[in-house]
file entry25.csv (CSV, N, CA and C atoms)
chain,number,residue,atom,x,y,z
A,7,MET,N,18.4,83.5,147.2
A,7,MET,CA,18.2,82.9,146.0
A,7,MET,C,19.4,82.1,145.4
A,8,THR,N,20.6,82.6,145.7
A,8,THR,CA,21.8,82.0,145.1
A,8,THR,C,22.7,81.5,146.2
A,9,GLU,N,22.3,81.5,147.5
A,9,GLU,CA,23.2,81.1,148.6
A,9,GLU,C,23.7,79.7,148.5
A,10,ASP,N,22.9,78.8,147.9
A,10,ASP,CA,23.3,77.4,147.8
A,10,ASP,C,24.0,77.0,146.5
A,11,VAL,N,24.2,78.0,145.6
A,11,VAL,CA,24.7,77.7,144.2
A,11,VAL,C,26.0,77.0,144.3
A,12,PHE,N,27.0,77.5,145.1
A,12,PHE,CA,28.3,76.9,145.1
A,12,PHE,C,28.6,75.9,146.2
A,13,GLY,N,27.6,75.6,147.0
A,13,GLY,CA,27.7,74.7,148.1
A,13,GLY,C,28.4,75.3,149.3
A,14,ASP,N,28.7,74.5,150.3
A,14,ASP,CA,29.3,75.0,151.5
A,14,ASP,C,30.8,75.3,151.3
A,15,ALA,N,31.3,76.2,152.1
A,15,ALA,CA,32.7,76.5,152.1
A,15,ALA,C,33.5,75.3,152.7
A,16,PRO,N,34.7,75.1,152.3
A,16,PRO,CA,35.5,73.9,152.8
A,16,PRO,C,35.6,74.0,154.3
A,17,ALA,N,35.7,72.9,155.0
A,17,ALA,CA,35.8,72.9,156.4
A,17,ALA,C,37.2,73.4,156.9
A,18,GLU,N,38.2,73.1,156.1
A,18,GLU,CA,39.6,73.6,156.4
A,18,GLU,C,40.1,74.4,155.2
A,19,GLY,N,41.0,75.3,155.6
A,19,GLY,CA,41.7,76.1,154.5
A,19,GLY,C,40.8,77.3,154.1
A,20,VAL,N,41.3,78.1,153.2
A,20,VAL,CA,40.6,79.3,152.8
A,20,VAL,C,39.6,78.9,151.7
A,21,ASP,N,38.4,79.4,151.8
A,21,ASP,CA,37.4,79.2,150.8
A,21,ASP,C,37.8,79.8,149.5
A,22,PRO,N,37.8,79.1,148.4
A,22,PRO,CA,38.3,79.6,147.1
A,22,PRO,C,37.4,80.7,146.6
A,23,LEU,N,36.1,80.8,147.1
A,23,LEU,CA,35.2,81.9,146.7
A,23,LEU,C,35.3,83.1,147.7
A,24,SER,N,36.1,83.1,148.6
A,24,SER,CA,36.2,84.1,149.6
A,24,SER,C,36.7,85.5,149.0
A,25,VAL,N,36.2,86.6,149.5
A,25,VAL,CA,36.6,87.9,149.1
A,25,VAL,C,38.1,88.1,149.4
A,26,ASP,N,38.6,87.3,150.3
A,26,ASP,CA,40.0,87.4,150.6
A,26,ASP,C,40.9,87.2,149.4
A,27,HIS,N,40.4,86.5,148.4
A,27,HIS,CA,41.2,86.3,147.2
A,27,HIS,C,41.0,87.5,146.2
A,28,VAL,N,39.8,88.0,146.2
A,28,VAL,CA,39.5,89.1,145.3
A,28,VAL,C,40.0,90.5,145.7
A,29,ALA,N,40.0,90.7,147.0
A,29,ALA,CA,40.4,92.1,147.5
A,29,ALA,C,41.8,92.5,147.1
A,30,PRO,N,42.8,91.6,147.2
A,30,PRO,CA,44.1,92.1,146.8
A,30,PRO,C,44.2,92.4,145.3
A,31,PHE,N,43.4,91.7,144.5
A,31,PHE,CA,43.4,91.9,143.1
A,31,PHE,C,42.7,93.3,142.7
A,32,VAL,N,41.7,93.5,143.5
A,32,VAL,CA,41.0,94.8,143.3
A,32,VAL,C,41.9,96.0,143.7
A,33,VAL,N,42.6,95.8,144.8
A,33,VAL,CA,43.6,96.9,145.2
A,33,VAL,C,44.6,97.0,144.1
A,34,PHE,N,45.1,96.0,143.6
A,34,PHE,CA,46.1,96.0,142.5
A,34,PHE,C,45.6,96.8,141.3
A,35,LEU,N,44.4,96.4,140.8
A,35,LEU,CA,43.8,97.1,139.7
A,35,LEU,C,43.5,98.6,140.0
A,36,ALA,N,43.2,98.9,141.2
A,36,ALA,CA,42.9,100.3,141.5
A,36,ALA,C,44.1,101.2,141.8
A,37,SER,N,45.3,100.5,141.9
A,37,SER,CA,46.5,101.3,142.2
A,37,SER,C,46.8,102.3,141.1
A,38,PRO,N,47.4,103.5,141.5
A,38,PRO,CA,47.7,104.5,140.5
A,38,PRO,C,48.6,104.0,139.4
A,39,ALA,N,49.5,103.1,139.6
A,39,ALA,CA,50.4,102.6,138.6
A,39,ALA,C,49.8,101.7,137.5
A,40,GLU,N,48.6,101.2,137.8
A,40,GLU,CA,48.0,100.3,136.8
A,40,GLU,C,47.0,101.0,135.9
A,41,GLU,N,47.1,100.7,134.6
A,41,GLU,CA,46.2,101.3,133.6
A,41,GLU,C,45.4,100.2,132.9
A,42,ILE,N,45.1,99.1,133.6
A,42,ILE,CA,44.3,98.0,133.0
A,42,ILE,C,42.8,98.5,133.1
A,43,SER,N,42.2,98.4,131.9
A,43,SER,CA,40.8,98.9,131.8
A,43,SER,C,40.1,98.0,130.8
A,44,GLY,N,38.8,97.8,131.0
A,44,GLY,CA,38.0,97.2,130.0
A,44,GLY,C,38.2,95.7,129.9
A,45,GLN,N,38.7,95.1,130.9
A,45,GLN,CA,39.0,93.6,130.9
A,45,GLN,C,38.1,92.9,131.9
A,46,VAL,N,37.9,91.6,131.6
A,46,VAL,CA,37.1,90.8,132.5
A,46,VAL,C,38.0,89.7,133.1
A,47,PHE,N,38.0,89.6,134.4
A,47,PHE,CA,38.8,88.6,135.1
A,47,PHE,C,37.9,87.8,136.0
A,48,VAL,N,38.4,86.5,136.2
A,48,VAL,CA,37.8,85.6,137.2
A,48,VAL,C,38.9,85.4,138.2
A,49,VAL,N,38.5,85.5,139.5
A,49,VAL,CA,39.4,85.2,140.6
A,49,VAL,C,38.8,84.1,141.4
A,50,HIS,N,39.5,83.0,141.5
A,50,HIS,CA,39.0,81.8,142.2
A,50,HIS,C,40.2,81.2,142.9
A,51,GLY,N,40.1,81.2,144.2
A,51,GLY,CA,41.2,80.8,145.0
A,51,GLY,C,42.5,81.6,144.7
A,52,GLY,N,43.6,80.9,144.5
A,52,GLY,CA,44.8,81.6,144.2
A,52,GLY,C,45.0,81.8,142.7
A,53,MET,N,44.0,81.8,141.9
A,53,MET,CA,44.1,81.9,140.4
A,53,MET,C,43.4,83.2,139.9
A,54,VAL,N,44.0,83.9,139.0
A,54,VAL,CA,43.3,85.0,138.3
A,54,VAL,C,43.4,84.6,136.8
A,55,ALA,N,42.2,84.7,136.2
A,55,ALA,CA,42.1,84.4,134.8
A,55,ALA,C,41.6,85.6,134.0
A,56,LEU,N,42.3,85.9,132.9
A,56,LEU,CA,41.8,87.0,132.0
A,56,LEU,C,41.0,86.3,131.0
A,57,LEU,N,39.7,86.8,130.8
A,57,LEU,CA,38.8,86.2,129.8
A,57,LEU,C,39.0,87.0,128.5
A,58,ARG,N,38.7,86.3,127.4
A,58,ARG,CA,38.7,86.9,126.1
A,58,ARG,C,37.4,87.7,126.0
A,59,PRO,N,37.4,88.7,125.1
A,59,PRO,CA,36.1,89.4,124.9
A,59,PRO,C,35.1,88.5,124.4
A,60,PRO,N,33.8,88.7,124.8
A,60,PRO,CA,32.8,87.8,124.3
A,60,PRO,C,32.5,88.0,122.8
A,61,THR,N,32.0,87.0,122.2
A,61,THR,CA,31.6,87.1,120.8
A,61,THR,C,30.2,86.8,120.7
A,62,VAL,N,29.6,87.2,119.6
A,62,VAL,CA,28.2,87.0,119.3
A,62,VAL,C,28.1,85.6,118.7
A,63,GLU,N,27.4,84.7,119.3
A,63,GLU,CA,27.2,83.3,118.7
A,63,GLU,C,26.0,83.4,117.8
A,64,GLN,N,24.9,84.0,118.3
A,64,GLN,CA,23.7,84.0,117.5
A,64,GLN,C,22.9,85.3,117.8
A,65,ARG,N,22.3,85.9,116.8
A,65,ARG,CA,21.6,87.2,117.0
A,65,ARG,C,20.1,86.9,116.8
A,66,PHE,N,19.3,87.5,117.7
A,66,PHE,CA,17.8,87.3,117.6
A,66,PHE,C,17.2,88.7,117.5
A,67,ASP,N,16.4,88.9,116.5
A,67,ASP,CA,15.7,90.2,116.3
A,67,ASP,C,14.2,90.0,116.3
A,68,THR,N,13.5,90.9,116.9
A,68,THR,CA,12.1,91.0,116.9
A,68,THR,C,11.6,91.6,115.6
A,69,VAL,N,10.5,91.2,115.0
A,69,VAL,CA,10.0,91.9,113.8
A,69,VAL,C,9.1,93.0,114.1
A,70,ASN,N,8.6,93.2,115.4
A,70,ASN,CA,7.7,94.2,115.7
A,70,ASN,C,8.3,95.3,116.5
A,71,GLY,N,9.6,95.4,116.8
A,71,GLY,CA,10.2,96.4,117.6
A,71,GLY,C,10.1,96.2,119.0
A,72,GLN,N,9.3,95.3,119.5
A,72,GLN,CA,9.2,94.9,120.9
A,72,GLN,C,8.9,93.4,121.0
A,73,TRP,N,9.8,92.7,121.8
A,73,TRP,CA,9.6,91.3,122.0
A,73,TRP,C,8.3,90.9,122.6
A,74,THR,N,7.7,89.8,122.2
A,74,THR,CA,6.6,89.2,122.9
A,74,THR,C,7.1,87.9,123.5
A,75,ALA,N,6.4,87.3,124.4
A,75,ALA,CA,6.8,86.0,125.0
A,75,ALA,C,6.8,85.0,123.9
A,76,GLU,N,5.8,85.0,123.1
A,76,GLU,CA,5.7,84.0,122.0
A,76,GLU,C,6.9,84.1,121.0
A,77,GLU,N,7.3,85.3,120.7
A,77,GLU,CA,8.4,85.5,119.8
A,77,GLU,C,9.7,85.0,120.4
A,78,LEU,N,9.9,85.3,121.7
A,78,LEU,CA,11.1,84.9,122.4
A,78,LEU,C,11.1,83.3,122.4
A,79,GLU,N,10.0,82.7,122.7
A,79,GLU,CA,10.0,81.2,122.7
A,79,GLU,C,10.3,80.7,121.4
A,80,ALA,N,9.7,81.3,120.3
A,80,ALA,CA,9.9,80.8,119.0
A,80,ALA,C,11.4,81.0,118.5
A,81,GLY,N,12.0,82.0,118.9
A,81,GLY,CA,13.4,82.4,118.5
A,81,GLY,C,14.4,81.8,119.4
A,82,VAL,N,14.5,82.5,120.6
A,82,VAL,CA,15.6,82.1,121.5
A,82,VAL,C,15.3,80.7,122.1
A,83,GLY,N,14.1,80.5,122.5
A,83,GLY,CA,13.7,79.2,123.1
A,83,GLY,C,14.0,78.1,122.2
A,84,ALA,N,13.6,78.2,120.9
A,84,ALA,CA,13.9,77.2,119.9
A,84,ALA,C,15.4,76.9,119.7
A,85,TYR,N,16.1,78.0,119.7
A,85,TYR,CA,17.6,77.9,119.5
A,85,TYR,C,18.2,77.0,120.6
A,86,PHE,N,17.7,77.1,121.9
A,86,PHE,CA,18.3,76.4,123.0
A,86,PHE,C,17.6,75.1,123.3
A,87,ALA,N,16.5,74.8,122.6
A,87,ALA,CA,15.7,73.5,122.8
A,87,ALA,C,16.6,72.3,122.6
A,88,GLY,N,16.6,71.4,123.6
A,88,GLY,CA,17.4,70.2,123.5
A,88,GLY,C,18.9,70.4,123.7
A,89,ARG,N,19.3,71.5,124.0
A,89,ARG,CA,20.8,71.8,124.2
A,89,ARG,C,21.1,71.7,125.6
A,90,ASP,N,22.3,71.1,125.9
A,90,ASP,CA,22.8,71.1,127.3
A,90,ASP,C,23.0,72.5,127.8
A,91,PRO,N,22.3,72.9,128.9
A,91,PRO,CA,22.4,74.3,129.3
A,91,PRO,C,23.7,74.7,129.8
A,92,HIS,N,24.7,73.8,130.0
A,92,HIS,CA,26.0,74.1,130.4
A,92,HIS,C,27.0,73.9,129.3
A,93,ALA,N,26.6,73.5,128.2
A,93,ALA,CA,27.6,73.1,127.1
A,93,ALA,C,28.4,74.3,126.7
A,94,CYS,N,27.9,75.5,126.7
A,94,CYS,CA,28.6,76.6,126.2
A,94,CYS,C,29.1,77.5,127.3
A,95,SER,N,29.1,77.1,128.5
A,95,SER,CA,29.5,77.9,129.6
A,95,SER,C,31.0,77.9,129.7
A,96,PRO,N,31.7,79.0,129.4
A,96,PRO,CA,33.2,79.0,129.5
A,96,PRO,C,33.6,78.8,130.9
A,97,ALA,N,32.9,79.3,131.9
A,97,ALA,CA,33.3,79.1,133.3
A,97,ALA,C,33.3,77.6,133.6
A,98,ARG,N,32.3,76.8,133.2
A,98,ARG,CA,32.3,75.4,133.5
A,98,ARG,C,33.4,74.6,132.7
A,99,ARG,N,33.8,75.1,131.5
A,99,ARG,CA,34.9,74.5,130.8
A,99,ARG,C,36.2,74.8,131.5
A,100,SER,N,36.4,76.0,131.9
A,100,SER,CA,37.7,76.5,132.4
A,100,SER,C,38.0,76.2,133.9
A,101,PHE,N,36.9,76.1,134.7
A,101,PHE,CA,37.1,76.0,136.1
A,101,PHE,C,36.4,74.7,136.6
A,102,PRO,N,37.2,73.6,136.8
A,102,PRO,CA,36.6,72.3,137.2
A,102,PRO,C,35.8,72.4,138.5
A,103,CYS,N,36.1,73.4,139.3
A,103,CYS,CA,35.3,73.5,140.6
A,103,CYS,C,33.8,73.9,140.3
A,104,LEU,N,33.5,74.4,139.1
A,104,LEU,CA,32.1,74.7,138.8
A,104,LEU,C,31.4,73.6,138.1
A,105,ARG,N,32.1,72.6,137.7
A,105,ARG,CA,31.5,71.5,137.0
A,105,ARG,C,30.7,70.6,137.9
A,106,GLU,N,29.6,70.2,137.4
A,106,GLU,CA,28.7,69.3,138.2
A,106,GLU,C,29.4,67.9,138.3
A,107,SER,N,29.3,67.3,139.5
A,107,SER,CA,29.9,66.0,139.6
A,107,SER,C,28.9,64.9,139.3

call {"tool": "encode", "arguments": {"input": "entry25.csv", "output": "structure tokens"}}
result
Amino acid sequence: MTEDVFGDAPAEGVDPLSVDHVAPFVVFLASPAEEISGQVFVVHGGMVALLRPPTVEQRFDTVNGQWTAEELEAGVGAYFAGRDPHACSPARRSFPCLRES
């Protein structure tokens, strides 16, 4: 389902999405000397980015205790109608490799 999302790996050099970049960072975080917890990182190629905690942009509440498809369309769907689906994506703003050409 997602195998083609990021395209083919580069013909030469190390793939920036390779686990070869992530594994050393995971080992670092798992080491006994580190006490980093509750953080979100992005590892891409030779870059590690620490993300800020997410914030609530908009809250949607159902009036009946359980969402219906109609309610979701009227609330959440209406909020995003006509909006660029990538406009608020921090990953696309921060990492040029994820931007569409």

call {"tool": "atom_distance", "arguments": {"input": "entry25.csv", "atom1": "atom N of Ser24 (chain A)", "atom2": "CA of Asp90 (chain A)"}}
result
27.8 Å

call {"tool": "closest_residue", "arguments": {"input": "entry25.csv", "among": "A:Arg89, A:Val82, A:Val25, A:Pro16", "to": "Asp67 (chain A)", "atoms": "only N, CA and C atoms"}}
result
A:Val82

call {"tool": "axis_aligned_box", "arguments": {"input": "entry25.csv", "around": "region 57-60 of chain A", "padding_each_side": "8 Å", "output": "JSON"}}
result
{"center_x": 36.1, "center_y": 87.8, "center_z": 126.8, "size_x": 23.2, "size_y": 19.2, "size_z": 24.0}

call {"tool": "residues_around", "arguments": {"input": "entry25.csv", "residues": "region 49-63 of chain A", "least_positions_apart": "2", "cutoff": "8 Å", "atoms": "all atoms listed in the file", "output": "list in words"}}
result
Val20, Asp21, Pro22, Leu23, Ser24, Asp26, His27, Val28, Gln45, Val46, Phe47, Arg65 and Phe66 of chain A

call {"tool": "residues_around", "arguments": {"input": "entry25.csv", "residues": "Glu77 (chain A)", "least_positions_apart": "4", "cutoff": "8 Å", "atoms": "only C-alpha atoms", "output": "short mmCIF file (atom, residue, chain, number, x, y, z; two decimals) with N, CA and C atoms, keeping the file's coordinate frame"}}
result
data_model
loop_
_atom_site.label_atom_id
_atom_site.label_comp_id
_atom_site.auth_asym_id
_atom_site.auth_seq_id
_atom_site.Cartn_x
_atom_site.Cartn_y
_atom_site.Cartn_z
N THR A 68 13.50 90.90 116.90
CA THR A 68 12.10 91.00 116.90
C THR A 68 11.60 91.60 115.60
N TRP A 73 9.80 92.70 121.80
CA TRP A 73 9.60 91.30 122.00
C TRP A 73 8.30 90.90 122.60
N GLY A 81 12.00 82.00 118.90
CA GLY A 81 13.40 82.40 118.50
C GLY A 81 14.40 81.80 119.40
#

call {"tool": "select_by_dssp", "arguments": {"input": "entry25.csv", "residues": "region 40-73 of chain A", "states": "strand (DSSP E)", "output": "PyMOL selection string"}}
result
chain A and resi 46-50+53-57

call {"tool": "decode", "arguments": {"input": "entry25.csv", "residues": "region 47-74 of chain A", "atoms": "N, CA, C and O atoms", "output": "JSON list (two decimals), in the first residue's frame"}}
result
[["chain", "number", "residue", "atom", "x", "y", "z"],
["A", 47, "PHE", "N", 11.42, 12.14, 17.18],
["A", 47, "PHE", "CA", 12.53, 12.47, 16.29],
["A", 47, "PHE", "C", 12.21, 12.01, 14.88],
["A", 47, "PHE", "O", 11.48, 11.05, 14.68],
["A", 48, "VAL", "N", 12.81, 12.68, 13.91],
["A", 48, "VAL", "CA", 12.79, 12.25, 12.52],
["A", 48, "VAL", "C", 14.24, 12.01, 12.13],
["A", 48, "VAL", "O", 15.10, 12.86, 12.37],
["A", 49, "VAL", "N", 14.52, 10.84, 11.57],
["A", 49, "VAL", "CA", 15.85, 10.53, 11.08],
["A", 49, "VAL", "C", 15.74, 10.39, 9.57],
["A", 49, "VAL", "O", 14.95, 9.60, 9.06],
["A", 50, "HIS", "N", 16.52, 11.20, 8.87],
["A", 50, "HIS", "CA", 16.50, 11.16, 7.41],
["A", 50, "HIS", "C", 17.93, 11.35, 6.93],
["A", 50, "HIS", "O", 18.52, 12.42, 7.13],
["A", 51, "GLY", "N", 18.48, 10.34, 6.32],
["A", 51, "GLY", "CA", 19.87, 10.42, 5.90],
["A", 51, "GLY", "C", 20.75, 10.66, 7.11],
["A", 51, "GLY", "O", 20.59, 10.04, 8.16],
["A", 52, "GLY", "N", 21.64, 11.61, 7.02],
["A", 52, "GLY", "CA", 22.53, 11.94, 8.12],
["A", 52, "GLY", "C", 22.00, 13.01, 9.05],
["A", 52, "GLY", "O", 22.75, 13.66, 9.76],
["A", 53, "MET", "N", 20.70, 13.22, 9.08],
["A", 53, "MET", "CA", 20.09, 14.26, 9.89],
["A", 53, "MET", "C", 19.14, 13.65, 10.91],
["A", 53, "MET", "O", 18.38, 12.74, 10.60],
["A", 54, "VAL", "N", 19.21, 14.15, 12.14],
["A", 54, "VAL", "CA", 18.24, 13.82, 13.18],
["A", 54, "VAL", "C", 17.56, 15.12, 13.58],
["A", 54, "VAL", "O", 18.23, 16.11, 13.89],
["A", 55, "ALA", "N", 16.24, 15.15, 13.56],
["A", 55, "ALA", "CA", 15.49, 16.35, 13.94],
["A", 55, "ALA", "C", 14.62, 16.03, 15.14],
["A", 55, "ALA", "O", 13.93, 15.01, 15.16],
["A", 56, "LEU", "N", 14.64, 16.90, 16.13],
["A", 56, "LEU", "CA", 13.76, 16.80, 17.28],
["A", 56, "LEU", "C", 12.53, 17.64, 16.99],
["A", 56, "LEU", "O", 12.63, 18.82, 16.66],
["A", 57, "LEU", "N", 11.35, 17.04, 17.07],
["A", 57, "LEU", "CA", 10.11, 17.74, 16.79],
["A", 57, "LEU", "C", 9.55, 18.35, 18.06],
["A", 57, "LEU", "O", 9.70, 17.79, 19.14],
["A", 58, "ARG", "N", 8.89, 19.47, 17.91],
["A", 58, "ARG", "CA", 8.19, 20.08, 19.04],
["A", 58, "ARG", "C", 6.94, 19.25, 19.32],
["A", 58, "ARG", "O", 6.39, 18.61, 18.43],
["A", 59, "PRO", "N", 6.47, 19.30, 20.55],
["A", 59, "PRO", "CA", 5.22, 18.58, 20.85],
["A", 59, "PRO", "C", 4.08, 19.12, 19.98],
["A", 59, "PRO", "O", 4.03, 20.31, 19.68],
["A", 60, "PRO", "N", 3.19, 18.24, 19.55],
["A", 60, "PRO", "CA", 2.07, 18.70, 18.73],
["A", 60, "PRO", "C", 1.13, 19.59, 19.53],
["A", 60, "PRO", "O", 1.06, 19.50, 20.75],
["A", 61, "THR", "N", 0.45, 20.45, 18.82],
["A", 61, "THR", "CA", -0.56, 21.30, 19.45],
["A", 61, "THR", "C", -1.91, 21.04, 18.80],
["A", 61, "THR", "O", -1.98, 20.56, 17.67],
["A", 62, "VAL", "N", -2.95, 21.36, 19.50],
["A", 62, "VAL", "CA", -4.30, 21.18, 18.95],
["A", 62, "VAL", "C", -4.63, 22.39, 18.10],
["A", 62, "VAL", "O", -4.64, 23.52, 18.60],
["A", 63, "GLU", "N", -4.87, 22.17, 16.83],
["A", 63, "GLU", "CA", -5.25, 23.26, 15.93],
["A", 63, "GLU", "C", -6.75, 23.49, 15.99],
["A", 63, "GLU", "O", -7.22, 24.63, 16.00],
["A", 64, "GLN", "N", -7.50, 22.41, 15.99],
["A", 64, "GLN", "CA", -8.96, 22.50, 15.97],
["A", 64, "GLN", "C", -9.52, 21.28, 16.67],
["A", 64, "GLN", "O", -9.00, 20.18, 16.50],
["A", 65, "ARG", "N", -10.54, 21.46, 17.46],
["A", 65, "ARG", "CA", -11.19, 20.34, 18.14],
["A", 65, "ARG", "C", -12.57, 20.12, 17.53],
["A", 65, "ARG", "O", -13.28, 21.06, 17.22],
["A", 66, "PHE", "N", -12.91, 18.84, 17.37],
["A", 66, "PHE", "CA", -14.21, 18.45, 16.82],
["A", 66, "PHE", "C", -14.87, 17.52, 17.84],
["A", 66, "PHE", "O", -14.25, 16.56, 18.29],
["A", 67, "ASP", "N", -16.10, 17.81, 18.20],
["A", 67, "ASP", "CA", -16.84, 16.98, 19.16],
["A", 67, "ASP", "C", -18.16, 16.53, 18.56],
["A", 67, "ASP", "O", -18.85, 17.33, 17.93],
["A", 68, "THR", "N", -18.51, 15.29, 18.79],
["A", 68, "THR", "CA", -19.81, 14.79, 18.38],
["A", 68, "THR", "C", -20.85, 15.21, 19.41],
["A", 68, "THR", "O", -20.54, 15.35, 20.59],
["A", 69, "VAL", "N", -22.07, 15.40, 18.97],
["A", 69, "VAL", "CA", -23.13, 15.79, 19.90],
["A", 69, "VAL", "C", -23.86, 14.57, 20.46],
["A", 69, "VAL", "O", -24.59, 14.68, 21.43],
["A", 70, "ASN", "N", -23.65, 13.41, 19.85],
["A", 70, "ASN", "CA", -24.39, 12.22, 20.25],
["A", 70, "ASN", "C", -23.54, 11.17, 20.97],
["A", 70, "ASN", "O", -24.00, 10.06, 21.19],
["A", 71, "GLY", "N", -22.29, 11.49, 21.30],
["A", 71, "GLY", "CA", -21.45, 10.53, 21.99],
["A", 71, "GLY", "C", -20.75, 9.55, 21.06],
["A", 71, "GLY", "O", -19.78, 8.91, 21.45],
["A", 72, "GLN", "N", -21.20, 9.41, 19.84],
["A", 72, "GLN", "CA", -20.59, 8.52, 18.84],
["A", 72, "GLN", "C", -20.68, 9.21, 17.49],
["A", 72, "GLN", "O", -21.74, 9.67, 17.08],
["A", 73, "TRP", "N", -19.54, 9.28, 16.79],
["A", 73, "TRP", "CA", -19.52, 9.93, 15.49],
["A", 73, "TRP", "C", -20.32, 9.14, 14.46],
["A", 73, "TRP", "O", -20.32, 7.93, 14.46],
["A", 74, "THR", "N", -20.96, 9.87, 13.57],
["A", 74, "THR", "CA", -21.56, 9.27, 12.38],
["A", 74, "THR", "C", -20.77, 9.79, 11.18],
["A", 74, "THR", "O", -20.08, 10.82, 11.27]]
